[in-house]
Amino acid sequence: MLERLAALDSERARQAEARRHDAAASANPLESTGAFQGAFDEQRKVVEESLSRIRQSGSASGKADMDAVAVQLAAMDKMVSDASYFLPPYDVQSSRSVVDRLKQSLESAIAEVIPKKKFSFRAKNSSSSPKETVTPPAVKNEEEEDETPSFMADRAAKLHSIRDAKNSTIVHDSGESSETEVTLSNLTHCTVFLRGIFRAMFFHKLKNCHVYVSAVTGSILLEEIDSCIFMLASHQIRIHSTTNTDFYLRVRSRPIVEHVSGVRFAPYAFHYQGIEDHLKAANLAEETGLWEKVDDFRWLRAAASPNWSILRPDQRVPLVDGTNVSSREFCNK
């Protein structure tokens with residue numbers, strides 16, 4: 001009887017809350033889920049079109065678009081915050097995920113049109129001839145230009161972009177700096193080692209790659225990934241449009257997936273000399289167990305999502321040791 005009474009009270013409270021939301025929507029037509037979603041989607045399309053123009057036009061003519069996108073993203077952030085009191089929790093979380101993704105895309109676009117830090121590489125050769133120093137086209141070397149929007153200058157200076165590489169091994173050490181942000185895009189059959197402390201990362205269009213990352217104090221966003229292996233340690237990890245990929249994670253929040261299939265999860269398994277200090281400095285020294293607490297934003301049923309699974313212990317790769325991998329190495333296979 002007590003349980004029935006509690007259930008009735010809960011249902012009455014739910015109905016009262018629904019009536020309150022309906023009344024608020026009637027008083028202000030904008031305060032409804034449908035109206036919000038329509039306005040939000042319109043803003044998203046505008047930002048995506050601007051990002052496309054930035055990538056096509058380059059840094060000089062893209063400056064105005066960079067400024068405009070930053071302002072639009074701030075407005076979208078405020079729009080979500082203002083609507084959070086009447087939106088369902090899922091819609092709030094999903095909208096914030098979209099804004100975060102667009103912010104990462106802006107940073108990636110800036111890194112592409114205004115490339116930063118120079119990477120040096122050594123070509124591997126199976127013969128005994130001396131190694132030659134090469135600079136692959138995947139990594140740009142230009143110094144910071146005057147066209148960089150002033151409010152973006154500091155961040156752009158700390159962005160490192162590696163793109164358009166095939167059959168390559170790339171290694172980068174950030175050292176103790178926690179301000180470095182890395183973008184990997186359009187890589188195929190590559191192995192990447194990123195050692196040290198980083199602030200954020202964005203991975204886009206990677207296929208048949210192995211990526212090993214140490215400590216990220218912020219977030220990692222992945223989009224359009226296929227048939228890869230990732231070992232990542234980060235405070236937040238978001239995975240979009242990904243297929244047939246294994247993730248070995250250490251994370252401080254629940255991993256988020258959306259539009260994925262055939263993705264599998266296992267505990268973090270990357271090591272190199274000094275990684276313990278880097279993980280500790282990034283507040284990632286302890287295993288939280290959250291690597292297996294995955295939230296699928298496209299699966300709202302009570303049953304387990306069919307889009308991801310736990311990687312069985314007998315299917316997991318052994319601990320990967322990146323201690324002796326040569327720094328800043330580019331290998332043509």
# chains A, B, ... in the order shown; residues from 1 in each chain; ligands from 1
$ select_by_dssp --residues "segment 62-308 of chain A" --states "strand (DSSP E or B)" --output "ChimeraX atom specification"
/A:121-123,133-134,159-166,169-175,181-188,191-198,200-207,210-226,229-243,246-251,256-261,263-267,270-271,295-296,308
$ residues_around --residues "segment 95-108 of chain A" --least-positions-apart "3" --cutoff "10 Å" --atoms "only C-alpha atoms" --output "number ranges by chain"
A: 37, 40-41, 44, 47-48, 50-52, 54-55, 66, 69-70, 73-74, 76-77, 79-81, 84, 89-92, 111-115, 152, 155-156, 159-161, 181-185, 200-204, 219-223, 238, 240, 256, 258, 297
$ atom_distance --atom1 "atom CA of Trp308 of chain A" --atom2 "atom CA of Phe270 of chain A"
21.6 Å
$ atom_distance --atom1 "atom CA of Val216 of chain A" --atom2 "atom CA of Lys158 of chain A"
14.2 Å
$ residues_around --residues "segment 314-318 of chain A" --least-positions-apart "2" --cutoff "9 Å" --atoms "only C-alpha atoms" --output "list of chain:residue names"
A:Tyr248, A:Ala266, A:Ala269, A:Leu311, A:Arg312, A:Val320
$ select_by_dssp --residues "segment 70-304 of chain A" --states "alpha helix (DSSP H)" --output "short mmCIF file (atom, residue, chain, number, x, y, z; two decimals) with all heavy atoms, in the first residue's frame"
data_model
loop_
_atom_site.label_atom_id
_atom_site.label_comp_id
_atom_site.auth_asym_id
_atom_site.auth_seq_id
_atom_site.Cartn_x
_atom_site.Cartn_y
_atom_site.Cartn_z
N ALA A 70 33.02 31.92 -33.69
CA ALA A 70 33.25 31.99 -32.25
C ALA A 70 32.07 32.66 -31.54
O ALA A 70 31.63 32.22 -30.47
CB ALA A 70 34.54 32.74 -31.96
N VAL A 71 31.56 33.75 -32.14
CA VAL A 71 30.41 34.44 -31.57
C VAL A 71 29.16 33.55 -31.61
O VAL A 71 28.39 33.47 -30.64
CB VAL A 71 30.15 35.76 -32.31
CG1 VAL A 71 28.85 36.40 -31.85
CG2 VAL A 71 31.32 36.73 -32.09
N GLN A 72 28.96 32.85 -32.73
CA GLN A 72 27.80 31.97 -32.86
C GLN A 72 27.84 30.82 -31.86
O GLN A 72 26.81 30.45 -31.28
CB GLN A 72 27.73 31.44 -34.29
CG GLN A 72 27.32 32.49 -35.31
CD GLN A 72 27.62 32.07 -36.73
OE1 GLN A 72 28.38 31.13 -36.97
NE2 GLN A 72 27.02 32.76 -37.69
N LEU A 73 29.02 30.28 -31.63
CA LEU A 73 29.13 29.18 -30.67
C LEU A 73 28.84 29.66 -29.25
O LEU A 73 28.24 28.94 -28.45
CB LEU A 73 30.53 28.57 -30.75
CG LEU A 73 30.80 27.73 -32.01
CD1 LEU A 73 32.25 27.27 -32.03
CD2 LEU A 73 29.86 26.54 -32.07
N ALA A 74 29.28 30.88 -28.93
CA ALA A 74 28.96 31.44 -27.61
C ALA A 74 27.44 31.61 -27.47
O ALA A 74 26.87 31.35 -26.40
CB ALA A 74 29.67 32.77 -27.42
N ALA A 75 26.79 32.04 -28.55
CA ALA A 75 25.33 32.20 -28.51
C ALA A 75 24.62 30.85 -28.36
O ALA A 75 23.63 30.74 -27.63
CB ALA A 75 24.85 32.90 -29.78
N MET A 76 25.14 29.82 -29.03
CA MET A 76 24.55 28.48 -28.91
C MET A 76 24.72 27.94 -27.49
O MET A 76 23.82 27.30 -26.94
CB MET A 76 25.18 27.54 -29.92
CG MET A 76 24.80 27.84 -31.37
SD MET A 76 25.62 26.76 -32.56
CE MET A 76 24.75 25.20 -32.23
N ASP A 77 25.88 28.20 -26.91
CA ASP A 77 26.12 27.79 -25.52
C ASP A 77 25.08 28.42 -24.59
O ASP A 77 24.51 27.76 -23.71
CB ASP A 77 27.52 28.22 -25.09
CG ASP A 77 28.40 27.05 -24.71
OD1 ASP A 77 27.85 25.97 -24.42
OD2 ASP A 77 29.61 27.21 -24.70
N LYS A 78 24.85 29.72 -24.77
CA LYS A 78 23.87 30.43 -23.95
C LYS A 78 22.46 29.92 -24.21
O LYS A 78 21.65 29.80 -23.29
CB LYS A 78 23.95 31.94 -24.21
CG LYS A 78 23.06 32.78 -23.29
CD LYS A 78 23.26 34.26 -23.54
CE LYS A 78 22.46 35.09 -22.54
NZ LYS A 78 21.03 34.81 -22.56
N MET A 79 22.17 29.59 -25.47
CA MET A 79 20.85 29.08 -25.82
C MET A 79 20.55 27.78 -25.06
O MET A 79 19.46 27.59 -24.52
CB MET A 79 20.78 28.81 -27.33
CG MET A 79 19.42 28.33 -27.83
SD MET A 79 19.46 27.85 -29.58
CE MET A 79 19.94 29.40 -30.32
N VAL A 80 21.55 26.89 -25.00
CA VAL A 80 21.36 25.63 -24.28
C VAL A 80 21.18 25.88 -22.79
O VAL A 80 20.32 25.29 -22.14
CB VAL A 80 22.54 24.68 -24.54
CG1 VAL A 80 22.39 23.40 -23.72
CG2 VAL A 80 22.63 24.33 -26.02
N SER A 81 22.01 26.76 -22.24
CA SER A 81 21.91 27.06 -20.80
C SER A 81 20.55 27.66 -20.45
O SER A 81 19.92 27.28 -19.45
CB SER A 81 23.02 28.02 -20.38
OG SER A 81 24.29 27.45 -20.57
N ASP A 82 20.08 28.58 -21.29
CA ASP A 82 18.79 29.23 -21.02
C ASP A 82 17.62 28.24 -21.12
O ASP A 82 16.60 28.42 -20.44
CB ASP A 82 18.57 30.39 -21.99
CG ASP A 82 19.51 31.55 -21.74
OD1 ASP A 82 20.14 31.57 -20.66
OD2 ASP A 82 19.64 32.43 -22.62
N ALA A 83 17.78 27.24 -21.98
CA ALA A 83 16.68 26.28 -22.20
C ALA A 83 16.76 25.06 -21.31
O ALA A 83 15.86 24.21 -21.33
CB ALA A 83 16.66 25.86 -23.67
N PRO A 89 16.58 16.10 -19.91
CA PRO A 89 18.03 15.98 -19.70
C PRO A 89 18.77 15.46 -20.92
O PRO A 89 19.88 15.91 -21.21
CB PRO A 89 18.13 15.00 -18.52
CG PRO A 89 16.84 15.16 -17.79
CD PRO A 89 15.80 15.46 -18.83
N TYR A 90 18.17 14.51 -21.64
CA TYR A 90 18.84 13.98 -22.82
C TYR A 90 19.09 15.07 -23.86
O TYR A 90 20.16 15.16 -24.47
CB TYR A 90 18.02 12.85 -23.45
CG TYR A 90 18.50 12.46 -24.82
CD1 TYR A 90 19.62 11.63 -24.97
CD2 TYR A 90 17.87 12.93 -25.97
CE1 TYR A 90 20.08 11.29 -26.22
CE2 TYR A 90 18.34 12.59 -27.22
CZ TYR A 90 19.44 11.76 -27.35
OH TYR A 90 19.90 11.43 -28.59
N ASP A 91 18.07 15.93 -24.09
CA ASP A 91 18.21 17.00 -25.08
C ASP A 91 19.28 18.00 -24.66
O ASP A 91 20.01 18.54 -25.50
CB ASP A 91 16.87 17.70 -25.28
CG ASP A 91 15.88 16.84 -26.04
OD1 ASP A 91 16.32 15.88 -26.69
OD2 ASP A 91 14.67 17.12 -25.97
N VAL A 92 19.36 18.29 -23.36
CA VAL A 92 20.39 19.20 -22.87
C VAL A 92 21.78 18.62 -23.14
O VAL A 92 22.66 19.28 -23.69
CB VAL A 92 20.21 19.48 -21.36
CG1 VAL A 92 21.38 20.31 -20.83
CG2 VAL A 92 18.89 20.21 -21.11
N GLN A 93 21.94 17.34 -22.77
CA GLN A 93 23.24 16.69 -22.94
C GLN A 93 23.61 16.60 -24.41
O GLN A 93 24.75 16.86 -24.81
CB GLN A 93 23.20 15.28 -22.32
CG GLN A 93 24.53 14.57 -22.29
CD GLN A 93 25.38 14.98 -21.11
OE1 GLN A 93 25.01 15.89 -20.37
NE2 GLN A 93 26.49 14.31 -20.93
N SER A 94 22.65 16.23 -25.24
CA SER A 94 22.91 16.09 -26.68
C SER A 94 23.27 17.43 -27.30
O SER A 94 24.19 17.52 -28.13
CB SER A 94 21.67 15.50 -27.37
OG SER A 94 21.90 15.35 -28.74
N SER A 95 22.56 18.50 -26.91
CA SER A 95 22.85 19.83 -27.47
C SER A 95 24.23 20.31 -27.04
O SER A 95 24.97 20.90 -27.86
CB SER A 95 21.78 20.83 -27.01
OG SER A 95 20.49 20.43 -27.46
N ARG A 96 24.58 20.09 -25.79
CA ARG A 96 25.92 20.48 -25.34
C ARG A 96 26.99 19.69 -26.08
O ARG A 96 28.08 20.21 -26.38
CB ARG A 96 26.03 20.27 -23.83
CG ARG A 96 25.30 21.36 -23.05
CD ARG A 96 25.33 21.12 -21.56
NE ARG A 96 24.73 22.25 -20.85
CZ ARG A 96 24.29 22.18 -19.61
NH1 ARG A 96 24.36 21.03 -18.94
NH2 ARG A 96 23.76 23.24 -19.03
N SER A 97 26.71 18.43 -26.37
CA SER A 97 27.65 17.62 -27.14
C SER A 97 27.87 18.20 -28.53
O SER A 97 28.99 18.24 -29.04
CB SER A 97 27.13 16.18 -27.25
OG SER A 97 27.98 15.39 -28.05
N VAL A 98 26.79 18.68 -29.15
CA VAL A 98 26.90 19.30 -30.47
C VAL A 98 27.77 20.56 -30.40
O VAL A 98 28.64 20.79 -31.25
CB VAL A 98 25.51 19.64 -31.04
CG1 VAL A 98 25.62 20.51 -32.29
CG2 VAL A 98 24.74 18.37 -31.36
N VAL A 99 27.54 21.40 -29.40
CA VAL A 99 28.32 22.63 -29.26
C VAL A 99 29.80 22.30 -29.05
O VAL A 99 30.68 22.91 -29.66
CB VAL A 99 27.79 23.49 -28.10
CG1 VAL A 99 28.70 24.70 -27.87
CG2 VAL A 99 26.37 23.96 -28.38
N ASP A 100 30.08 21.31 -28.19
CA ASP A 100 31.47 20.90 -27.96
C ASP A 100 32.11 20.41 -29.25
O ASP A 100 33.29 20.70 -29.53
CB ASP A 100 31.53 19.81 -26.89
CG ASP A 100 31.25 20.34 -25.50
OD1 ASP A 100 31.29 21.57 -25.32
OD2 ASP A 100 30.97 19.53 -24.60
N ARG A 101 31.36 19.63 -30.03
CA ARG A 101 31.89 19.12 -31.29
C ARG A 101 32.22 20.26 -32.25
O ARG A 101 33.26 20.26 -32.91
CB ARG A 101 30.89 18.17 -31.93
CG ARG A 101 31.30 17.68 -33.31
CD ARG A 101 30.30 16.69 -33.87
NE ARG A 101 28.97 17.26 -34.02
CZ ARG A 101 28.60 18.00 -35.06
NH1 ARG A 101 29.46 18.29 -36.02
NH2 ARG A 101 27.37 18.48 -35.14
N LEU A 102 31.35 21.25 -32.31
CA LEU A 102 31.58 22.38 -33.21
C LEU A 102 32.78 23.22 -32.75
O LEU A 102 33.54 23.74 -33.58
CB LEU A 102 30.32 23.24 -33.30
CG LEU A 102 29.12 22.59 -34.00
CD1 LEU A 102 27.89 23.48 -33.88
CD2 LEU A 102 29.43 22.31 -35.46
N LYS A 103 32.96 23.34 -31.43
CA LYS A 103 34.13 24.06 -30.93
C LYS A 103 35.42 23.35 -31.34
O LYS A 103 36.39 23.99 -31.77
CB LYS A 103 34.06 24.18 -29.40
CG LYS A 103 33.01 25.16 -28.90
CD LYS A 103 32.99 25.19 -27.37
CE LYS A 103 31.97 26.18 -26.85
NZ LYS A 103 31.90 26.17 -25.37
N GLN A 104 35.40 22.02 -31.21
CA GLN A 104 36.58 21.26 -31.63
C GLN A 104 36.81 21.39 -33.13
O GLN A 104 37.94 21.48 -33.60
CB GLN A 104 36.40 19.78 -31.25
CG GLN A 104 36.36 19.51 -29.76
CD GLN A 104 37.75 19.39 -29.16
OE1 GLN A 104 38.73 19.75 -29.78
NE2 GLN A 104 37.83 18.89 -27.94
N SER A 105 35.72 21.42 -33.90
CA SER A 105 35.84 21.57 -35.35
C SER A 105 36.43 22.93 -35.71
O SER A 105 37.22 23.05 -36.66
CB SER A 105 34.48 21.40 -36.02
OG SER A 105 33.99 20.09 -35.83
N LEU A 106 36.05 23.98 -34.97
CA LEU A 106 36.63 25.30 -35.21
C LEU A 106 38.13 25.28 -34.93
O LEU A 106 38.92 25.82 -35.72
CB LEU A 106 35.93 26.35 -34.33
CG LEU A 106 36.53 27.76 -34.37
CD1 LEU A 106 36.50 28.32 -35.80
CD2 LEU A 106 35.80 28.68 -33.41
N GLU A 107 38.52 24.67 -33.82
CA GLU A 107 39.94 24.59 -33.51
C GLU A 107 40.68 23.81 -34.58
O GLU A 107 41.80 24.16 -34.96
CB GLU A 107 40.12 23.94 -32.13
CG GLU A 107 39.59 24.80 -30.99
CD GLU A 107 39.63 24.08 -29.65
OE1 GLU A 107 40.06 22.91 -29.64
OE2 GLU A 107 39.22 24.67 -28.64
N SER A 108 40.07 22.74 -35.07
CA SER A 108 40.69 21.96 -36.14
C SER A 108 40.84 22.78 -37.41
O SER A 108 41.87 22.74 -38.08
CB SER A 108 39.84 20.71 -36.42
OG SER A 108 40.33 20.00 -37.53
N ALA A 109 39.81 23.57 -37.74
CA ALA A 109 39.86 24.40 -38.95
C ALA A 109 40.96 25.46 -38.82
O ALA A 109 41.69 25.73 -39.78
CB ALA A 109 38.51 25.06 -39.18
N ILE A 110 41.07 26.06 -37.63
CA ILE A 110 42.12 27.05 -37.41
C ILE A 110 43.50 26.41 -37.58
O ILE A 110 44.40 26.98 -38.21
CB ILE A 110 41.99 27.68 -36.01
CG1 ILE A 110 40.71 28.52 -35.93
CG2 ILE A 110 43.21 28.55 -35.69
CD1 ILE A 110 40.41 29.01 -34.52
N ALA A 111 43.65 25.20 -37.04
CA ALA A 111 44.94 24.51 -37.17
C ALA A 111 45.27 24.18 -38.61
O ALA A 111 46.43 24.17 -39.01
CB ALA A 111 44.92 23.23 -36.33
N GLU A 112 44.25 23.92 -39.41
CA GLU A 112 44.47 23.57 -40.82
C GLU A 112 44.88 24.79 -41.65
O GLU A 112 45.77 24.70 -42.49
CB GLU A 112 43.21 22.94 -41.41
CG GLU A 112 42.93 21.54 -40.88
CD GLU A 112 41.66 20.96 -41.47
OE1 GLU A 112 41.18 21.51 -42.49
OE2 GLU A 112 41.16 19.96 -40.93
N VAL A 113 44.22 25.92 -41.43
CA VAL A 113 44.50 27.10 -42.26
C VAL A 113 45.62 27.95 -41.71
O VAL A 113 46.23 28.73 -42.44
CB VAL A 113 43.23 27.96 -42.46
CG1 VAL A 113 42.13 27.15 -43.10
CG2 VAL A 113 42.76 28.55 -41.13
N ALA A 153 44.64 33.95 -31.06
CA ALA A 153 46.07 33.84 -31.33
C ALA A 153 46.76 32.89 -30.35
O ALA A 153 47.54 32.02 -30.76
CB ALA A 153 46.72 35.22 -31.27
N ASP A 154 46.52 33.06 -29.04
CA ASP A 154 47.20 32.23 -28.06
C ASP A 154 46.87 30.77 -28.24
O ASP A 154 47.74 29.90 -28.18
CB ASP A 154 46.83 32.68 -26.64
CG ASP A 154 47.41 34.04 -26.31
OD1 ASP A 154 48.36 34.44 -27.01
OD2 ASP A 154 46.91 34.68 -25.38
N ARG A 155 45.58 30.48 -28.47
CA ARG A 155 45.19 29.08 -28.63
C ARG A 155 45.75 28.49 -29.91
O ARG A 155 46.22 27.37 -29.95
CB ARG A 155 43.67 28.95 -28.62
CG ARG A 155 43.17 27.58 -29.04
CD ARG A 155 41.76 27.31 -28.61
NE ARG A 155 41.72 26.97 -27.21
CZ ARG A 155 40.63 26.52 -26.61
NH1 ARG A 155 39.52 26.37 -27.26
NH2 ARG A 155 40.66 26.22 -25.32
N ALA A 156 45.70 29.28 -31.02
CA ALA A 156 46.20 28.78 -32.30
C ALA A 156 47.69 28.45 -32.21
O ALA A 156 48.16 27.50 -32.83
CB ALA A 156 45.95 29.81 -33.39
N ALA A 157 48.42 29.23 -31.40
CA ALA A 157 49.85 28.98 -31.26
C ALA A 157 50.15 27.66 -30.60
O ALA A 157 51.24 27.12 -30.72
CB ALA A 157 50.49 30.13 -30.47
N ILE A 275 55.31 7.91 -17.71
CA ILE A 275 53.87 8.11 -17.89
C ILE A 275 53.14 8.24 -16.56
O ILE A 275 52.14 8.96 -16.46
CB ILE A 275 53.24 6.96 -18.72
CG1 ILE A 275 51.81 7.35 -19.14
CG2 ILE A 275 53.27 5.65 -17.96
CD1 ILE A 275 51.18 6.37 -20.09
N GLU A 276 53.65 7.58 -15.52
CA GLU A 276 52.98 7.68 -14.21
C GLU A 276 52.95 9.12 -13.72
O GLU A 276 51.93 9.58 -13.19
CB GLU A 276 53.68 6.78 -13.19
CG GLU A 276 53.54 5.29 -13.45
CD GLU A 276 54.56 4.77 -14.43
OE1 GLU A 276 55.40 5.58 -14.91
OE2 GLU A 276 54.52 3.57 -14.74
N ASP A 277 54.06 9.84 -13.90
CA ASP A 277 54.10 11.25 -13.48
C ASP A 277 53.14 12.10 -14.31
O ASP A 277 52.47 13.00 -13.78
CB ASP A 277 55.53 11.80 -13.62
CG ASP A 277 56.49 11.15 -12.63
OD1 ASP A 277 56.03 10.65 -11.59
OD2 ASP A 277 57.71 11.14 -12.91
N HIS A 278 53.06 11.82 -15.60
CA HIS A 278 52.15 12.59 -16.47
C HIS A 278 50.69 12.32 -16.11
O HIS A 278 49.88 13.25 -16.06
CB HIS A 278 52.42 12.22 -17.94
CG HIS A 278 53.77 12.65 -18.42
ND1 HIS A 278 54.42 12.06 -19.47
CD2 HIS A 278 54.61 13.64 -17.97
CE1 HIS A 278 55.58 12.66 -19.67
NE2 HIS A 278 55.72 13.61 -18.77
N LEU A 279 50.37 11.06 -15.86
CA LEU A 279 48.99 10.74 -15.49
C LEU A 279 48.63 11.37 -14.15
O LEU A 279 47.51 11.88 -13.96
CB LEU A 279 48.81 9.22 -15.43
CG LEU A 279 48.86 8.48 -16.76
CD1 LEU A 279 48.88 6.98 -16.53
CD2 LEU A 279 47.69 8.86 -17.65
N LYS A 280 49.56 11.36 -13.21
CA LYS A 280 49.30 11.96 -11.91
C LYS A 280 49.10 13.46 -12.03
O LYS A 280 48.18 14.03 -11.41
CB LYS A 280 50.47 11.66 -10.96
CG LYS A 280 50.25 12.16 -9.54
CD LYS A 280 51.41 11.76 -8.63
CE LYS A 280 51.18 12.26 -7.21
NZ LYS A 280 52.31 11.89 -6.31
N ALA A 281 49.91 14.12 -12.83
CA ALA A 281 49.78 15.57 -13.01
C ALA A 281 48.45 15.94 -13.66
O ALA A 281 47.91 17.01 -13.41
CB ALA A 281 50.94 16.10 -13.85
#
$ closest_residue --among "A:Val192, A:Ala165, A:Ala304, A:Asp65" --to "Glu49 of chain A" --atoms "only C-alpha atoms"
A:Asp65
